Amino acid sequence: MHRRRRTALVLSAAIVAAAPLLTGCGSDAHPGAAAVVGGRRITVAQLESRVNEVRSAQRAATKDEAQYEQAIAKTGTLTRDTLHGMVLDQVLDRAAKNEGVTVTRKDSQQMRSALEQQAGGSKALETAWLQNYGVAPKRLDDSLRT
């Protein structure tokens with residue numbers, strides 16, 4: 001429980017600190033941008049590509065059309081959730097850099113190994129992340145790093 005509070009506090013602080021970086025509701029037009037974070041655009045094409053990665057992974061992970069339709073129904077807010085994740089990734093990356101926080105490849109690998117052990121293997125972890133967080137297997141390491 002303590003770890004959850006600390007994580008929530010860190011995320012809240014990062015979001016508050018990064019609020020000036022977010023430019024979604026300003027008066028400046030950003031054609032083709034799904035969001036702008038600290039002057040960096042997240043394009044609609046980038047967002048669509050991420051959503052398509054997840055949909056492709058969901059299709060590959062299901063046995064038939066009915067299961068695929070169920071997967072889609074469970075992730076009806078995938079586009080919004082994906083954009084939220086992409087914005088949050090940039091905000092957290094910026095906040096970490098500002099505070100001198102780094103995550104090494106070794107840190108990420110250790111975390112992945114521990115999670116794989118809990119989940120029952122690499123495939124099981126990838127499936128869990130896909131189902132629970134809408135993260136395509138090829139983006140799992142990036143997600144764990146964040």
# chains A, B, ... in the order shown; residues from 1 in each chain; ligands from 1
>>> closest_atom_pairs(of="segment 29-69 of chain A", to="segment 121-128 of chain A", cutoff="12 Å", atoms="only C-alpha atoms", output="CSV")
residue,atom,partner,partner_atom,distance
A:Val54,CA,A:Thr127,CA,11.0
A:Ala57,CA,A:Thr127,CA,9.1
A:Gln58,CA,A:Thr127,CA,8.8
A:Arg59,CA,A:Thr127,CA,11.8
A:Ala60,CA,A:Thr127,CA,10.6
A:Ala61,CA,A:Thr127,CA,7.6
A:Thr62,CA,A:Thr127,CA,10.4
>>> write_last_selection(atoms="N, CA and C atoms", output="mmCIF file, in the first residue's frame")
data_model
loop_
_atom_site.group_PDB
_atom_site.id
_atom_site.type_symbol
_atom_site.label_atom_id
_atom_site.label_comp_id
_atom_site.auth_asym_id
_atom_site.auth_seq_id
_atom_site.Cartn_x
_atom_site.Cartn_y
_atom_site.Cartn_z
ATOM 1 N N VAL A 54 -1.679 -2.417 -31.220
ATOM 2 C CA VAL A 54 -2.434 -3.131 -30.187
ATOM 3 C C VAL A 54 -3.507 -3.992 -30.822
ATOM 4 N N ALA A 57 -1.961 -7.035 -32.317
ATOM 5 C CA ALA A 57 -1.550 -7.978 -31.269
ATOM 6 C C ALA A 57 -2.771 -8.673 -30.670
ATOM 7 N N GLN A 58 -3.866 -7.943 -30.507
ATOM 8 C CA GLN A 58 -5.091 -8.550 -29.988
ATOM 9 C C GLN A 58 -5.609 -9.612 -30.966
ATOM 10 N N ARG A 59 -5.579 -9.299 -32.246
ATOM 11 C CA ARG A 59 -6.041 -10.267 -33.243
ATOM 12 C C ARG A 59 -5.177 -11.518 -33.207
ATOM 13 N N ALA A 60 -3.866 -11.331 -33.101
ATOM 14 C CA ALA A 60 -2.945 -12.474 -33.069
ATOM 15 C C ALA A 60 -3.124 -13.311 -31.807
ATOM 16 N N ALA A 61 -3.556 -12.677 -30.720
ATOM 17 C CA ALA A 61 -3.695 -13.385 -29.445
ATOM 18 C C ALA A 61 -5.042 -14.083 -29.288
ATOM 19 N N THR A 62 -5.956 -13.854 -30.211
ATOM 20 C CA THR A 62 -7.281 -14.466 -30.097
ATOM 21 C C THR A 62 -7.421 -15.614 -31.086
#
>>> select_by_dssp(residues="chain A", states="strand (DSSP E or B)", output="list in words")
Leu22, Ala33, Ala34, Ala35, Val36, Val37, Arg40, Arg41, Ile42 and Thr43 of chain A
>>> select_by_dssp(residues="segment 39-110 of chain A", states="helix (DSSP H, G or I)", output="PyMOL selection string")
chain A and resi 44-61+65-74+78-99+105-110
>>> atom_distance(atom1="atom CA of Asp81 of chain A", atom2="atom CA of Tyr68 of chain A")
18.7 Å
>>> residues_around(residues="Lys106 of chain A", least_positions_apart="6", cutoff="12 Å", atoms="only C-alpha atoms", output="ChimeraX atom specification")
/A:112-113,141,144-145
>>> closest_residue(among="A:Ala95, A:Ala66, A:Ala34, A:Val101", to="Thr79 of chain A", atoms="only C-alpha atoms")
A:Ala34
>>> closest_residue(among="A:Ser49, A:Lys74, A:His84, A:Ser108", to="Ala35 of chain A", atoms="only C-alpha atoms")
A:His84
>>> closest_residue(among="A:Asp89, A:Gln117, A:Gly38, A:Gly134", to="Thr77 of chain A", atoms="only C-alpha atoms")
A:Gly134
>>> closest_residue(among="A:Asn52, A:Gln118, A:Asn98, A:Gln109", to="Asp142 of chain A", atoms="only C-alpha atoms")
A:Gln109
>>> closest_residue(among="A:Thr146, A:Thr75, A:Thr82, A:Gln70", to="Arg50 of chain A", atoms="only C-alpha atoms")
A:Thr82
>>> atom_distance(atom1="atom CA of Lys63 of chain A", atom2="atom CA of Val135 of chain A")
19.1 Å
>>> atom_distance(atom1="atom CA of Tyr133 of chain A", atom2="atom CA of Pro31 of chain A")
28.4 Å
>>> decode(residues="segment 17-133 of chain A", atoms="C-alpha atoms", output="short mmCIF file (atom, residue, chain, number, x, y, z; two decimals), in the first residue's frame")
data_model
loop_
_atom_site.label_atom_id
_atom_site.label_comp_id
_atom_site.auth_asym_id
_atom_site.auth_seq_id
_atom_site.Cartn_x
_atom_site.Cartn_y
_atom_site.Cartn_z
CA ALA A 17 5.04 20.12 -12.68
CA ALA A 18 4.46 19.32 -16.33
CA ALA A 19 1.08 21.04 -16.66
CA PRO A 20 2.65 24.06 -18.38
CA LEU A 21 4.18 21.69 -20.94
CA LEU A 22 0.81 20.45 -22.13
CA THR A 23 -0.67 22.47 -24.96
CA GLY A 24 -3.90 20.80 -25.93
CA CYS A 25 -6.37 23.58 -25.21
CA GLY A 26 -4.36 26.63 -26.20
CA SER A 27 -5.28 29.03 -28.96
CA ASP A 28 -2.46 27.93 -31.27
CA ALA A 29 -3.53 25.48 -33.95
CA HIS A 30 -1.51 22.28 -34.31
CA PRO A 31 -2.77 20.60 -37.49
CA GLY A 32 -2.28 16.85 -37.47
CA ALA A 33 -1.42 16.80 -33.78
CA ALA A 34 -3.29 14.56 -31.37
CA ALA A 35 -1.47 16.37 -28.53
CA VAL A 36 1.46 18.69 -27.95
CA VAL A 37 3.68 18.17 -24.92
CA GLY A 38 6.37 20.74 -24.20
CA GLY A 39 6.39 21.81 -27.83
CA ARG A 40 6.70 18.20 -29.06
CA ARG A 41 3.85 16.97 -31.20
CA ILE A 42 2.25 13.58 -30.91
CA THR A 43 0.77 13.23 -34.34
CA VAL A 44 -2.51 11.58 -35.19
CA ALA A 45 -0.53 9.19 -37.39
CA GLN A 46 1.69 8.17 -34.45
CA LEU A 47 -1.38 7.59 -32.30
CA GLU A 48 -3.11 5.56 -35.02
CA SER A 49 0.04 3.48 -35.47
CA ARG A 50 0.15 2.61 -31.76
CA VAL A 51 -3.55 1.73 -31.71
CA ASN A 52 -3.09 -0.46 -34.80
CA GLU A 53 -0.16 -2.25 -33.09
CA VAL A 54 -2.43 -3.13 -30.19
CA ARG A 55 -5.29 -4.22 -32.43
CA SER A 56 -2.93 -6.43 -34.45
CA ALA A 57 -1.55 -7.98 -31.27
CA GLN A 58 -5.09 -8.55 -29.99
CA ARG A 59 -6.04 -10.27 -33.24
CA ALA A 60 -2.94 -12.47 -33.07
CA ALA A 61 -3.69 -13.38 -29.45
CA THR A 62 -7.28 -14.47 -30.10
CA LYS A 63 -8.45 -17.77 -31.51
CA ASP A 64 -11.42 -16.56 -33.51
CA GLU A 65 -13.45 -13.53 -34.52
CA ALA A 66 -15.74 -13.75 -31.48
CA GLN A 67 -12.78 -13.55 -29.07
CA TYR A 68 -11.33 -10.67 -31.07
CA GLU A 69 -14.64 -8.81 -30.86
CA GLN A 70 -14.64 -9.36 -27.08
CA ALA A 71 -11.12 -7.98 -26.86
CA ILE A 72 -12.18 -4.89 -28.80
CA ALA A 73 -15.22 -4.44 -26.58
CA LYS A 74 -13.02 -4.56 -23.46
CA THR A 75 -10.74 -1.89 -24.92
CA GLY A 76 -13.33 0.49 -26.32
CA THR A 77 -11.39 3.50 -25.07
CA LEU A 78 -8.10 2.29 -26.56
CA THR A 79 -7.42 5.41 -28.62
CA ARG A 80 -7.97 7.74 -25.68
CA ASP A 81 -6.03 5.47 -23.32
CA THR A 82 -3.16 5.18 -25.79
CA LEU A 83 -2.93 8.94 -26.23
CA HIS A 84 -3.03 9.38 -22.47
CA GLY A 85 -0.14 6.92 -22.17
CA MET A 86 1.87 8.65 -24.88
CA VAL A 87 1.43 12.03 -23.19
CA LEU A 88 2.21 10.60 -19.76
CA ASP A 89 5.37 8.92 -21.13
CA GLN A 90 6.66 12.29 -22.37
CA VAL A 91 5.70 14.08 -19.16
CA LEU A 92 7.37 11.45 -16.97
CA ASP A 93 10.45 11.37 -19.21
CA ARG A 94 10.80 15.14 -18.91
CA ALA A 95 10.20 15.11 -15.14
CA ALA A 96 12.75 12.31 -14.68
CA LYS A 97 15.35 14.21 -16.70
CA ASN A 98 14.67 17.37 -14.72
CA GLU A 99 15.20 15.49 -11.46
CA GLY A 100 18.18 13.48 -12.67
CA VAL A 101 16.33 10.16 -12.41
CA THR A 102 17.49 7.42 -14.74
CA VAL A 103 16.39 3.90 -15.45
CA THR A 104 19.09 1.65 -16.82
CA ARG A 105 18.58 -1.22 -19.21
CA LYS A 106 19.58 -3.52 -16.35
CA ASP A 107 16.86 -2.00 -14.13
CA SER A 108 14.25 -2.65 -16.81
CA GLN A 109 15.49 -6.19 -17.41
CA GLN A 110 15.38 -7.00 -13.71
CA MET A 111 11.85 -5.70 -13.47
CA ARG A 112 10.80 -7.66 -16.54
CA SER A 113 12.35 -10.87 -15.17
CA ALA A 114 10.51 -10.47 -11.87
CA LEU A 115 7.22 -9.78 -13.63
CA GLU A 116 7.71 -12.72 -16.00
CA GLN A 117 8.25 -14.98 -13.02
CA GLN A 118 5.03 -13.71 -11.40
CA ALA A 119 3.05 -13.98 -14.64
CA GLY A 120 4.30 -17.42 -15.60
CA GLY A 121 6.68 -16.56 -18.41
CA SER A 122 7.41 -14.03 -21.12
CA LYS A 123 4.33 -14.79 -23.25
CA ALA A 124 2.06 -14.65 -20.21
CA LEU A 125 3.46 -11.24 -19.26
CA GLU A 126 3.03 -9.93 -22.80
CA THR A 127 -0.56 -11.18 -22.86
CA ALA A 128 -1.32 -9.65 -19.46
CA TRP A 129 0.10 -6.27 -20.49
CA LEU A 130 -1.85 -6.39 -23.74
CA GLN A 131 -5.12 -7.27 -22.02
CA ASN A 132 -4.77 -5.06 -18.96
CA TYR A 133 -2.92 -2.02 -20.26
#
